[in-house]
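Undergrad: My structure is stored as data-v2.cif, with mmCIF, C-alpha atoms.
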```cif
data_structure
#
loop_
_atom_site.label_atom_id
_atom_site.label_comp_id
_atom_site.auth_asym_id
_atom_site.auth_seq_id
_atom_site.Cartn_x
_atom_site.Cartn_y
_atom_site.Cartn_z
CA MET A 17 0.00 0.00 0.00
CA GLY A 18 2.77 2.40 0.95
CA ALA A 19 4.59 1.65 -2.24
CA ALA A 20 1.46 2.33 -4.24
CA MET A 21 0.96 5.72 -2.69
CA THR A 22 4.54 6.76 -3.10
CA ALA A 23 4.71 5.40 -6.60
CA SER A 24 1.62 7.24 -7.72
CA THR A 25 2.70 10.49 -6.13
CA THR A 26 6.19 10.27 -7.54
CA GLU A 27 5.44 12.23 -10.64
CA ARG A 28 4.24 15.19 -8.63
CA GLY A 29 6.55 14.76 -5.72
CA ALA A 30 9.80 13.96 -7.48
CA ASP A 31 10.88 17.56 -7.97
CA ALA A 32 10.04 18.62 -4.47
CA VAL A 33 11.93 15.69 -3.06
CA ARG A 34 14.95 16.29 -5.21
CA GLU A 35 15.40 19.73 -3.71
CA GLN A 36 15.72 18.35 -0.21
CA PRO A 37 17.57 15.06 -0.57
CA SER A 38 16.54 13.40 2.70
CA PRO A 39 13.02 14.31 3.78
CA PRO A 40 11.76 12.88 7.05
CA PRO A 41 10.10 9.56 6.32
CA GLY A 42 6.35 9.93 6.02
CA ARG A 43 5.95 12.66 8.61
CA GLY A 44 3.40 15.39 8.17
CA ALA A 45 4.63 18.90 8.82
CA GLY A 46 2.13 20.02 11.45
CA GLY A 47 1.31 23.68 10.74
CA GLY A 48 1.70 23.81 6.99
CA GLY A 49 -0.39 20.73 6.36
CA VAL A 50 2.24 19.45 3.95
CA ILE A 51 2.74 15.72 3.94
CA GLU A 52 6.03 14.46 2.65
CA LEU A 53 6.10 10.85 1.59
CA GLU A 54 9.40 9.12 1.45
CA VAL A 55 10.19 8.20 -2.12
CA THR A 56 12.71 5.42 -2.45
CA ALA A 57 14.75 4.61 -5.50
CA VAL A 58 12.57 1.54 -6.00
CA ASP A 59 9.42 3.68 -6.01
CA ARG A 60 10.89 5.95 -8.66
CA ARG A 61 11.92 3.02 -10.74
CA ILE A 62 8.46 1.48 -10.52
CA ALA A 63 6.87 4.79 -11.46
CA ARG A 64 9.20 5.22 -14.41
CA TYR A 65 8.54 1.74 -15.75
CA ALA A 66 4.80 2.09 -15.11
CA ALA A 67 4.80 5.36 -17.04
CA ALA A 68 6.47 3.66 -19.99
CA ALA A 69 3.94 0.82 -19.83
CA ILE A 70 1.03 3.28 -19.70
CA VAL A 71 2.33 5.09 -22.79
CA LEU A 72 2.42 1.76 -24.63
CA THR A 73 -1.12 0.97 -23.44
CA ILE A 74 -2.42 4.27 -24.79
CA ALA A 75 -0.54 3.94 -28.06
CA GLU A 76 -1.94 0.47 -28.47
CA ALA A 77 -5.50 1.62 -27.80
CA ALA A 78 -5.23 3.56 -31.06
CA ILE A 79 -4.47 0.44 -33.07
CA PRO A 80 -7.66 -1.00 -34.58
CA SER A 81 -8.25 -4.67 -33.87
CA PRO A 82 -10.27 -7.08 -35.97
CA LEU A 83 -11.52 -8.91 -32.90
CA PRO A 84 -12.09 -7.47 -29.44
CA GLY A 85 -9.49 -9.03 -27.20
CA VAL A 86 -6.84 -9.54 -29.84
CA LYS A 87 -4.16 -6.96 -29.06
CA PRO A 88 -0.37 -7.09 -29.21
CA GLY A 89 -0.10 -6.29 -25.49
CA LEU A 90 3.01 -4.17 -25.98
CA ALA A 91 2.93 -2.95 -22.39
CA ASN A 92 3.81 -6.46 -21.32
CA ILE A 93 7.29 -5.92 -22.74
CA VAL A 94 7.83 -3.55 -19.83
CA THR A 95 6.58 -6.17 -17.37
CA LEU A 96 8.99 -8.72 -18.83
CA ILE A 97 11.94 -6.37 -18.56
CA VAL A 98 11.14 -5.42 -14.98
CA LEU A 99 10.67 -9.07 -14.07
CA TRP A 100 14.02 -9.99 -15.54
CA ARG A 101 15.94 -7.11 -13.99
CA HIS A 102 14.22 -6.42 -10.69
CA GLY A 103 12.13 -9.45 -9.82
CA TRP A 104 8.49 -10.37 -9.59
CA ARG A 105 7.41 -7.92 -6.90
CA GLU A 106 8.29 -4.86 -8.91
CA ALA A 107 6.91 -6.41 -12.08
CA ALA A 108 3.59 -6.90 -10.30
CA TRP A 109 3.54 -3.26 -9.15
CA VAL A 110 4.30 -1.98 -12.62
CA THR A 111 1.68 -4.20 -14.21
CA LEU A 112 -1.13 -3.39 -11.80
CA LEU A 113 -0.38 0.34 -11.88
CA ARG A 114 -0.41 0.18 -15.66
CA VAL A 115 -3.79 -1.58 -15.72
CA LEU A 116 -5.28 0.94 -13.29
CA ALA A 117 -3.85 4.15 -14.75
CA GLY A 118 -4.16 2.93 -18.33
CA SER A 119 -7.86 2.21 -17.88
CA LEU A 120 -8.41 5.61 -16.29
CA LEU A 121 -6.73 7.38 -19.19
CA VAL A 122 -8.54 5.39 -21.87
CA GLY A 123 -11.84 5.87 -20.04
CA GLN A 124 -12.33 2.17 -19.39
CA PHE A 125 -12.04 2.21 -15.61
CA LEU A 126 -14.54 -0.29 -14.12
CA ALA A 127 -15.84 -1.04 -17.62
CA PRO A 128 -15.75 -4.67 -18.81
CA GLY A 129 -12.44 -4.01 -20.55
CA PHE A 130 -10.88 -3.02 -17.25
CA PHE A 131 -11.90 -6.25 -15.55
CA LEU A 132 -10.65 -8.24 -18.52
CA SER A 133 -7.29 -6.50 -18.31
CA LEU A 134 -7.15 -6.98 -14.57
CA THR A 135 -7.96 -10.69 -14.73
CA GLY A 136 -5.52 -11.22 -17.56
CA ALA A 137 -2.81 -9.33 -15.69
CA ALA A 138 -3.46 -11.19 -12.45
CA LEU A 139 -3.26 -14.60 -14.09
CA SER A 140 -0.17 -13.64 -16.09
CA LEU A 141 1.53 -12.48 -12.93
CA ALA A 142 0.63 -15.72 -11.18
CA VAL A 143 2.15 -17.72 -14.02
CA LEU A 144 5.18 -15.42 -14.16
CA ALA A 145 5.75 -16.01 -10.45
CA LEU A 146 6.27 -19.66 -11.30
CA ALA A 147 7.99 -19.13 -14.65
CA SER A 148 10.58 -16.78 -13.19
CA ARG A 149 11.82 -19.67 -11.06
CA LEU A 150 12.79 -21.62 -14.15
CA PRO A 151 16.55 -21.76 -14.83
CA ARG A 152 17.46 -18.62 -16.77
CA ASN A 153 20.07 -20.30 -18.91
CA TRP A 154 17.31 -22.38 -20.41
CA PHE A 155 14.22 -20.25 -20.27
CA GLY A 156 14.52 -16.63 -21.36
CA PRO A 157 12.08 -13.74 -21.68
CA VAL A 158 10.43 -15.44 -24.65
CA SER A 159 9.37 -18.35 -22.44
CA HIS A 160 8.06 -15.93 -19.84
CA SER A 161 6.21 -13.96 -22.49
CA VAL A 162 4.53 -16.94 -24.17
CA LEU A 163 3.48 -18.51 -20.86
CA ALA A 164 2.12 -15.20 -19.59
CA ALA A 165 0.26 -14.58 -22.85
CA PHE A 166 -1.51 -17.93 -22.58
CA ALA A 167 -2.38 -17.29 -18.94
CA HIS A 168 -3.69 -13.86 -19.94
CA ILE A 169 -6.03 -15.22 -22.59
CA ALA A 170 -7.14 -18.10 -20.37
CA GLY A 171 -8.14 -15.65 -17.63
CA GLN A 172 -9.98 -13.43 -20.06
CA LEU A 173 -11.88 -16.30 -21.64
CA MET A 174 -12.95 -17.39 -18.17
CA VAL A 175 -14.30 -13.94 -17.31
CA VAL A 176 -16.02 -13.63 -20.67
CA ARG A 177 -17.66 -17.05 -20.29
CA LEU A 178 -18.76 -16.47 -16.70
CA TRP A 179 -19.86 -12.88 -17.01
CA LEU A 180 -20.04 -11.19 -20.41
CA VAL A 181 -21.16 -13.94 -22.79
CA PRO A 182 -22.60 -16.72 -20.65
CA HIS A 183 -22.56 -19.28 -23.43
CA ASP A 184 -20.10 -21.97 -24.44
CA GLY A 185 -20.03 -20.38 -27.88
CA VAL A 186 -17.16 -18.12 -26.79
CA PHE A 187 -14.90 -21.14 -26.63
CA HIS A 188 -15.20 -21.52 -30.39
CA LEU A 189 -12.88 -18.54 -30.56
CA THR A 190 -10.27 -20.20 -28.35
CA PRO A 191 -7.99 -21.09 -31.29
CA VAL A 192 -8.01 -17.51 -32.52
CA PHE A 193 -7.11 -16.13 -29.10
CA ALA A 194 -4.54 -18.86 -28.46
CA GLY A 195 -2.94 -18.24 -31.85
CA ALA A 196 -2.73 -14.52 -31.12
CA ALA A 197 -1.30 -15.25 -27.67
CA LEU A 198 1.41 -17.42 -29.19
CA LEU A 199 2.28 -14.92 -31.92
CA PHE A 200 2.32 -11.79 -29.76
CA GLY A 201 3.89 -13.71 -26.88
CA ILE A 202 6.86 -14.61 -29.05
CA VAL A 203 7.16 -11.14 -30.58
CA ASN A 204 6.94 -9.33 -27.24
CA GLY A 205 9.37 -11.80 -25.67
CA LEU A 206 11.89 -11.23 -28.46
CA ILE A 207 11.60 -7.46 -28.12
CA ALA A 208 12.08 -7.72 -24.36
CA ALA A 209 15.07 -10.02 -24.81
CA LYS A 210 16.58 -7.61 -27.33
CA LEU A 211 16.12 -4.62 -25.02
CA LEU A 212 17.56 -6.55 -22.07
CA GLU A 213 20.60 -7.46 -24.11
CA GLU A 214 21.28 -3.84 -24.97
CA LYS A 215 21.21 -2.88 -21.30
CA MET B 23 19.57 -9.60 -38.88
CA SER B 24 17.34 -12.61 -38.39
CA ARG B 25 20.25 -14.50 -36.88
CA ASP B 26 20.54 -11.79 -34.22
CA TRP B 27 16.96 -12.41 -33.18
CA LEU B 28 17.38 -16.18 -33.17
CA GLU B 29 20.31 -15.84 -30.79
CA LEU B 30 17.95 -14.31 -28.23
CA LEU B 31 16.15 -17.64 -27.94
CA ARG B 32 17.29 -20.11 -25.32
CA PRO B 33 16.81 -23.88 -25.57
CA GLY B 34 13.79 -23.88 -23.27
CA ASP B 35 12.19 -21.09 -25.28
CA TRP B 36 11.93 -23.41 -28.25
CA LEU B 37 10.29 -25.95 -25.99
CA VAL B 38 7.74 -23.43 -24.71
CA MET B 39 6.99 -22.18 -28.21
CA LEU B 40 6.52 -25.73 -29.44
CA ALA B 41 4.17 -26.48 -26.55
CA GLY B 42 2.25 -23.31 -27.42
CA LEU B 43 1.98 -24.37 -31.03
CA VAL B 44 0.68 -27.79 -29.98
CA ALA B 45 -1.87 -26.12 -27.71
CA VAL B 46 -3.09 -23.90 -30.55
CA ALA B 47 -3.27 -26.85 -32.92
CA ALA B 48 -5.19 -28.87 -30.36
CA ALA B 49 -7.69 -26.03 -29.95
CA LEU B 50 -8.13 -25.58 -33.68
CA PRO B 51 -11.06 -28.02 -34.13
CA LEU B 52 -13.07 -25.84 -31.71
CA LEU B 53 -13.25 -23.22 -34.41
CA TRP B 54 -15.41 -25.40 -36.59
CA ARG B 55 -17.27 -27.61 -34.21
CA GLY B 56 -20.33 -25.65 -33.25
CA GLY B 57 -21.61 -28.38 -31.01
CA ALA B 58 -23.36 -31.10 -32.98
CA ALA B 59 -27.03 -30.74 -33.72
CA ASP B 60 -29.00 -33.85 -32.93
CA LEU B 61 -32.64 -33.02 -33.52
CA ALA B 62 -34.65 -31.39 -36.28
CA VAL B 63 -37.77 -29.66 -35.02
CA VAL B 64 -40.46 -29.06 -37.63
CA LYS B 65 -43.21 -26.58 -36.83
CA ARG B 66 -46.35 -25.45 -38.56
CA ASP B 67 -48.07 -22.28 -37.38
CA GLY B 68 -45.71 -22.29 -34.43
CA THR B 69 -46.70 -25.69 -33.14
CA VAL B 70 -44.39 -28.67 -33.33
CA VAL B 71 -45.48 -31.25 -35.91
CA ALA B 72 -42.43 -33.49 -35.76
CA GLU B 73 -39.12 -33.94 -33.98
CA LEU B 74 -36.75 -35.95 -36.14
CA PRO B 75 -33.46 -37.27 -34.74
CA LEU B 76 -30.55 -36.50 -37.06
CA THR B 77 -29.38 -40.07 -37.10
CA GLN B 78 -31.06 -41.70 -40.06
CA PRO B 79 -32.16 -40.35 -43.45
CA ARG B 80 -35.82 -39.48 -43.69
CA LYS B 81 -38.25 -37.36 -45.63
CA LEU B 82 -41.28 -35.67 -44.18
CA ASP B 83 -44.17 -33.95 -45.92
CA VAL B 84 -45.80 -31.08 -44.08
CA ALA B 85 -49.07 -29.70 -45.39
CA GLY B 86 -49.49 -25.93 -45.24
CA PRO B 87 -51.92 -23.39 -46.68
CA LEU B 88 -50.06 -23.23 -50.03
CA GLY B 89 -49.24 -26.88 -50.42
CA THR B 90 -46.70 -29.40 -49.23
CA THR B 91 -43.29 -28.55 -47.78
CA VAL B 92 -40.83 -31.43 -47.92
CA ILE B 93 -38.30 -31.71 -45.10
CA GLU B 94 -35.31 -33.95 -45.68
CA VAL B 95 -33.14 -35.30 -42.88
CA GLN B 96 -29.76 -36.96 -43.23
CA PRO B 97 -27.29 -37.97 -40.53
CA GLY B 98 -26.08 -34.73 -38.92
CA ARG B 99 -28.01 -32.34 -41.16
CA ALA B 100 -31.46 -31.36 -42.43
CA ARG B 101 -32.94 -29.13 -45.10
CA VAL B 102 -36.14 -28.01 -46.72
CA ALA B 103 -36.06 -30.05 -49.92
CA SER B 104 -38.97 -28.30 -51.56
CA ASP B 105 -41.58 -25.70 -50.72
CA PRO B 106 -44.45 -24.10 -52.60
CA GLY B 107 -43.48 -20.59 -51.44
CA PRO B 108 -42.83 -17.97 -54.17
CA ARG B 109 -39.32 -16.91 -53.21
CA GLN B 110 -37.88 -20.24 -52.00
CA TYR B 111 -35.73 -18.65 -49.28
CA CYS B 112 -35.93 -21.67 -46.99
CA VAL B 113 -35.01 -24.05 -49.80
CA LEU B 114 -32.07 -21.93 -50.95
CA GLN B 115 -30.64 -22.00 -47.43
CA GLY B 116 -29.57 -25.56 -48.13
CA TRP B 117 -28.42 -27.96 -45.47
CA LEU B 118 -28.58 -26.87 -41.85
CA THR B 119 -25.91 -28.38 -39.61
CA ARG B 120 -25.50 -26.17 -36.54
CA PRO B 121 -27.65 -26.14 -33.43
CA ASN B 122 -30.26 -23.39 -33.52
CA ALA B 123 -29.95 -22.94 -37.26
CA ILE B 124 -33.38 -22.31 -38.69
CA ALA B 125 -35.04 -22.25 -42.11
CA ILE B 126 -38.42 -20.54 -42.22
CA CYS B 127 -40.87 -21.05 -45.05
CA ALA B 128 -43.11 -18.18 -44.02
CA PRO B 129 -45.63 -18.31 -46.89
CA ASN B 130 -46.42 -21.92 -46.09
CA HIS B 131 -46.26 -21.38 -42.30
CA VAL B 132 -43.57 -24.06 -41.86
CA SER B 133 -40.25 -23.85 -40.05
CA LEU B 134 -37.35 -26.23 -39.61
CA GLN B 135 -34.96 -25.72 -36.70
CA LEU B 136 -32.07 -27.80 -35.45
CA SER B 137 -31.52 -28.17 -31.76
CA GLY B 138 -28.34 -29.23 -30.00
CA PRO B 139 -27.72 -31.17 -26.84
CA ARG B 140 -29.95 -30.00 -24.03
CA SER B 141 -29.45 -26.48 -22.70
CA ASP B 142 -27.06 -25.59 -25.51
CA GLY B 143 -28.19 -22.18 -26.61
CA GLY B 144 -31.22 -22.33 -24.41
CA GLY B 145 -32.58 -18.85 -23.87
CA TYR B 146 -30.66 -17.26 -26.76
CA ASP B 147 -32.05 -16.51 -30.19
CA SER B 148 -28.67 -15.55 -31.55
CA LEU B 149 -25.20 -14.64 -30.39
CA ASN B 150 -22.99 -11.99 -31.93
CA TYR B 151 -19.31 -11.53 -31.29
#
```
Translate the structure described by the file into structure tokens.

TA:
Amino acid sequence: MGAAMTASTTERGADAVREQPSPPPGRGAGGGGVIELEVTAVDRRIARYAAAAIVLTIAEAAIPSPLPGVKPGLANIVTLIVLWRHGWREAAWVTLLRVLAGSLLVGQFLAPGFFLSLTGAALSLAVLALASRLPRNWFGPVSHSVLAAFAHIAGQLMVVRLWLVPHDGVFHLTPVFAGAALLFGIVNGLIAAKLLEEK
Amino acid sequence: MSRDWLELLRPGDWLVMLAGLVAVAAALPLLWRGGAADLAVVKRDGTVVAELPLTQPRKLDVAGPLGTTVIEVQPGRARVASDPGPRQYCVLQGWLTRPNAIAICAPNHVSLQLSGPRSDGGGYDSLNY
């Protein structure tokens, strides 16, 4: 919770904090009513990555899609990079912040699309928690990406079946979604691997 | 160029991609199988005149105000073989194979609808994606 607050206030607070390098941790200045939140390097990093992911989300929202639900999921490249460099915890923060802020900016907050994103993200993160334990010499970002993409689509299909289209007919589209997951999973994984290599 | 990208792949990545491909291939038949229809329901003036199982070939004559509509059933499919209606829409529809598919010969007050396994599509007239 603390990390969320600091992360989301970073954009506003970063300049103020930079002027006084070591603010008192989380103490409100009584008279002025100014509350300084301690912003750690990790918070800034999360905010920076989340911002990048949000930009990709918005850019992607402009790309027309032949089928609702089939999207490249470019923002997941950021998740993959954070996972590889800084571990699962930070990747989860970046992903969830991206889903929340991205939906607010696109005007989808609490709309069906938001819950689809959230479920997809949650399931991907669950799978990534396991996948990131695989030996790295053998399984690179592409493995992470493909596994997460399949988890993403599985979660979304479940929500669609249970809530939006309560009919088994949605499963007829499984091959289309699975094919897209495989394709975009590989592409995103390769891009993430490339960016990680360049440091 | 393409070699650069291939070098980014680790041995296990190939394995995961292959597994993904197998999963997609395994799911592929879902795209075409709309759930098998197993019953042809023939109605006249909205009341059921016959329920024909789609297991053995059969022909059925239904008398309507204009004349006789002929329903033909074959294993897994059914059609309106002939109809006295002026525009022949229900005949031109050809074979029906999917659950809930329907051919309506309105002028002669006859309809042919396939139904799937119980509850499949119950409560829905149509679904759009």

Undergrad: Pull out every residue of chain B sitting within 7 Å of chain A, counting only C-alpha atoms, and send them as a list in words.

TA: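 Residues satisfying the distance criterion: Leu30, Leu31, Arg32, Pro33, Gly34, Asp35, Val38, Gly42, Val46, Ala49, Leu50, Leu52 and Leu53 of chain B.
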
Undergrad: Which one of B:Arg109, B:Arg101, B:Lys81, B:Arg120 sits closest to Leu134 of chain B if you count all atoms listed in the file?

TA: B:Arg101

Undergrad: What's the separation between atom CA of Gln172 of chain A and atom CA of His102 of chain A, in Å to one decimal place?

TA: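 Going from atom CA of Gln172 of chain A over to atom CA of His102 of chain A, I get 26.9 Å.
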
Undergrad: Please report the interatomic distance between atom CA of Ile62 of chain A and atom CA of Val110 of chain A in Å with one decimal.

TA: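 Atom CA of Ile62 of chain A sits 5.8 Å away from atom CA of Val110 of chain A.
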
Undergrad: Quick one: residues within 9 Å of segment 121-123 of chain A, all atoms listed in the file, excluding same-chain residues fewer than 5 positions away - as a short mmCIF file (atom, residue, chain, number, x, y, z; two decimals) with C-alpha atoms, in the frame of the given file?

TA:
```cif
data_model
loop_
_atom_site.label_atom_id
_atom_site.label_comp_id
_atom_site.auth_asym_id
_atom_site.auth_seq_id
_atom_site.Cartn_x
_atom_site.Cartn_y
_atom_site.Cartn_z
CA ILE A 70 1.03 3.28 -19.70
CA THR A 73 -1.12 0.97 -23.44
CA ILE A 74 -2.42 4.27 -24.79
CA ALA A 77 -5.50 1.62 -27.80
CA LEU A 116 -5.28 0.94 -13.29
#
```

Undergrad: Skipping near chain neighbours, those fewer than 5 positions away, what residues fall within 12 Å of Ile126 of chain B using all atoms listed in the file, listed as a PyMOL selection string?

TA: chain B and resi 63-68+91+93+101-102+105+107+109-116+118+131-136

Undergrad: Box along x, y and z, 3 Å on every side, all listed atoms of segment 115-120 of chain B inside: centre and edge lengths in Å to one decimal, as JSON.

TA:
```
{"center_x": -28.1, "center_y": -25.2, "center_z": -42.3, "size_x": 11.1, "size_y": 12.4, "size_z": 17.6}
```

Undergrad: Quick one: apply the PyMOL selection byres ((chain B and resi 73) around 9) to the file and drop the selected residues here as a PDB file with C-alpha atoms, in the coordinates of the input.

TA:
```pdb
ATOM      1  CA  LEU B  61     -32.640 -33.020 -33.520  1.00  0.00           C
ATOM      2  CA  ALA B  62     -34.650 -31.390 -36.280  1.00  0.00           C
ATOM      3  CA  VAL B  63     -37.770 -29.660 -35.020  1.00  0.00           C
ATOM      4  CA  VAL B  64     -40.460 -29.060 -37.630  1.00  0.00           C
ATOM      5  CA  LYS B  65     -43.210 -26.580 -36.830  1.00  0.00           C
ATOM      6  CA  VAL B  70     -44.390 -28.670 -33.330  1.00  0.00           C
ATOM      7  CA  VAL B  71     -45.480 -31.250 -35.910  1.00  0.00           C
ATOM      8  CA  ALA B  72     -42.430 -33.490 -35.760  1.00  0.00           C
ATOM      9  CA  LEU B  74     -36.750 -35.950 -36.140  1.00  0.00           C
ATOM     10  CA  PRO B  75     -33.460 -37.270 -34.740  1.00  0.00           C
TER      11      PRO B  75
END
```

Undergrad: Hey, can you check how far atom CA of Trp117 of chain B sits from atom CA of Leu76 of chain B?

TA: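 Answer for the atom CA of Trp117 of chain B to atom CA of Leu76 of chain B separation: 12.2 Å.
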
Undergrad: When the PyMOL selection byres ((chain A and resi 133-135) around 9) is applied to the structure above, which residues does it catch, written out as a list in words?

TA: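 On this input, the PyMOL selection byres ((chain A and resi 133-135) around 9) captures Leu112, Val115, Leu116, Ser119, Pro128, Gly129, Phe130, Phe131, Leu132, Gly136, Ala137, Ala138, Leu139, Ser140, His168, Gly171, Gln172 and Val175 of chain A.
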
Undergrad: Keeping only C-alpha atoms, take the residues you just selected and write them out as a compact mmCIF listing (two decimals), in the coordinates of the input.

TA:
```
# COMPACT_ATOMS: atom_id res chain seq x y z
CA LEU A 112 -1.13 -3.39 -11.80
CA VAL A 115 -3.79 -1.58 -15.72
CA LEU A 116 -5.28 0.94 -13.29
CA SER A 119 -7.86 2.21 -17.88
CA PRO A 128 -15.75 -4.67 -18.81
CA GLY A 129 -12.44 -4.01 -20.55
CA PHE A 130 -10.88 -3.02 -17.25
CA PHE A 131 -11.90 -6.25 -15.55
CA LEU A 132 -10.65 -8.24 -18.52
CA GLY A 136 -5.52 -11.22 -17.56
CA ALA A 137 -2.81 -9.33 -15.69
CA ALA A 138 -3.46 -11.19 -12.45
CA LEU A 139 -3.26 -14.60 -14.09
CA SER A 140 -0.17 -13.64 -16.09
CA HIS A 168 -3.69 -13.86 -19.94
CA GLY A 171 -8.14 -15.65 -17.63
CA GLN A 172 -9.98 -13.43 -20.06
CA VAL A 175 -14.30 -13.94 -17.31
```

Undergrad: So which one's closest to Ile93 of chain A, A:Ala165, A:Leu178, A:Val55, A:Ala127? Using all atoms listed in the file, please.

TA: A:Ala165

Undergrad: Spell out the residues picked by the PyMOL selection byres ((chain B and resi 80) around 7) here, as number ranges by chain.

TA: B: 78-79, 81-82, 94-96

Undergrad: Can segment 157-173 of chain A be brought up to N, CA, C and O atoms and written out as a short mmCIF file (atom, residue, chain, number, x, y, z; two decimals), keeping the file's coordinate frame?

TA:
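Writing the result to part18.cif gives the following:
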```cif
data_model
loop_
_atom_site.label_atom_id
_atom_site.label_comp_id
_atom_site.auth_asym_id
_atom_site.auth_seq_id
_atom_site.Cartn_x
_atom_site.Cartn_y
_atom_site.Cartn_z
N PRO A 157 13.28 -14.57 -21.65
CA PRO A 157 12.08 -13.74 -21.68
C PRO A 157 11.00 -14.26 -22.65
O PRO A 157 9.82 -14.04 -22.42
N VAL A 158 11.43 -14.94 -23.71
CA VAL A 158 10.43 -15.44 -24.65
C VAL A 158 9.55 -16.49 -23.99
O VAL A 158 8.33 -16.50 -24.17
N SER A 159 10.17 -17.36 -23.18
CA SER A 159 9.37 -18.35 -22.44
C SER A 159 8.39 -17.65 -21.51
O SER A 159 7.20 -17.97 -21.48
N HIS A 160 8.91 -16.68 -20.76
CA HIS A 160 8.06 -15.93 -19.84
C HIS A 160 6.88 -15.32 -20.60
O HIS A 160 5.72 -15.40 -20.19
N SER A 161 7.21 -14.70 -21.73
CA SER A 161 6.21 -13.96 -22.49
C SER A 161 5.11 -14.89 -23.01
O SER A 161 3.92 -14.59 -22.90
N VAL A 162 5.52 -16.03 -23.59
CA VAL A 162 4.53 -16.94 -24.17
C VAL A 162 3.64 -17.53 -23.06
O VAL A 162 2.41 -17.56 -23.19
N LEU A 163 4.27 -17.94 -21.96
CA LEU A 163 3.48 -18.51 -20.86
C LEU A 163 2.49 -17.48 -20.31
O LEU A 163 1.32 -17.77 -20.06
N ALA A 164 2.98 -16.25 -20.13
CA ALA A 164 2.12 -15.20 -19.59
C ALA A 164 0.98 -14.88 -20.56
O ALA A 164 -0.15 -14.64 -20.13
N ALA A 165 1.29 -14.90 -21.86
CA ALA A 165 0.26 -14.58 -22.85
C ALA A 165 -0.86 -15.63 -22.80
O ALA A 165 -2.05 -15.28 -22.88
N PHE A 166 -0.48 -16.89 -22.66
CA PHE A 166 -1.51 -17.93 -22.58
C PHE A 166 -2.32 -17.80 -21.29
O PHE A 166 -3.55 -17.96 -21.31
N ALA A 167 -1.65 -17.49 -20.20
CA ALA A 167 -2.38 -17.29 -18.94
C ALA A 167 -3.35 -16.13 -19.07
O ALA A 167 -4.49 -16.18 -18.61
N HIS A 168 -2.88 -15.06 -19.74
CA HIS A 168 -3.69 -13.86 -19.94
C HIS A 168 -4.99 -14.20 -20.67
O HIS A 168 -6.09 -13.87 -20.22
N ILE A 169 -4.86 -14.91 -21.76
CA ILE A 169 -6.03 -15.22 -22.59
C ILE A 169 -6.94 -16.23 -21.87
O ILE A 169 -8.16 -16.16 -21.99
N ALA A 170 -6.33 -17.13 -21.11
CA ALA A 170 -7.14 -18.10 -20.37
C ALA A 170 -8.00 -17.37 -19.34
O ALA A 170 -9.20 -17.64 -19.21
N GLY A 171 -7.40 -16.42 -18.63
CA GLY A 171 -8.14 -15.65 -17.63
C GLY A 171 -9.26 -14.86 -18.26
O GLY A 171 -10.39 -14.82 -17.76
N GLN A 172 -8.96 -14.25 -19.42
CA GLN A 172 -9.98 -13.43 -20.06
C GLN A 172 -11.14 -14.27 -20.58
O GLN A 172 -12.29 -13.89 -20.45
N LEU A 173 -10.81 -15.43 -21.15
CA LEU A 173 -11.88 -16.30 -21.64
C LEU A 173 -12.78 -16.73 -20.49
O LEU A 173 -14.00 -16.82 -20.64
#
```
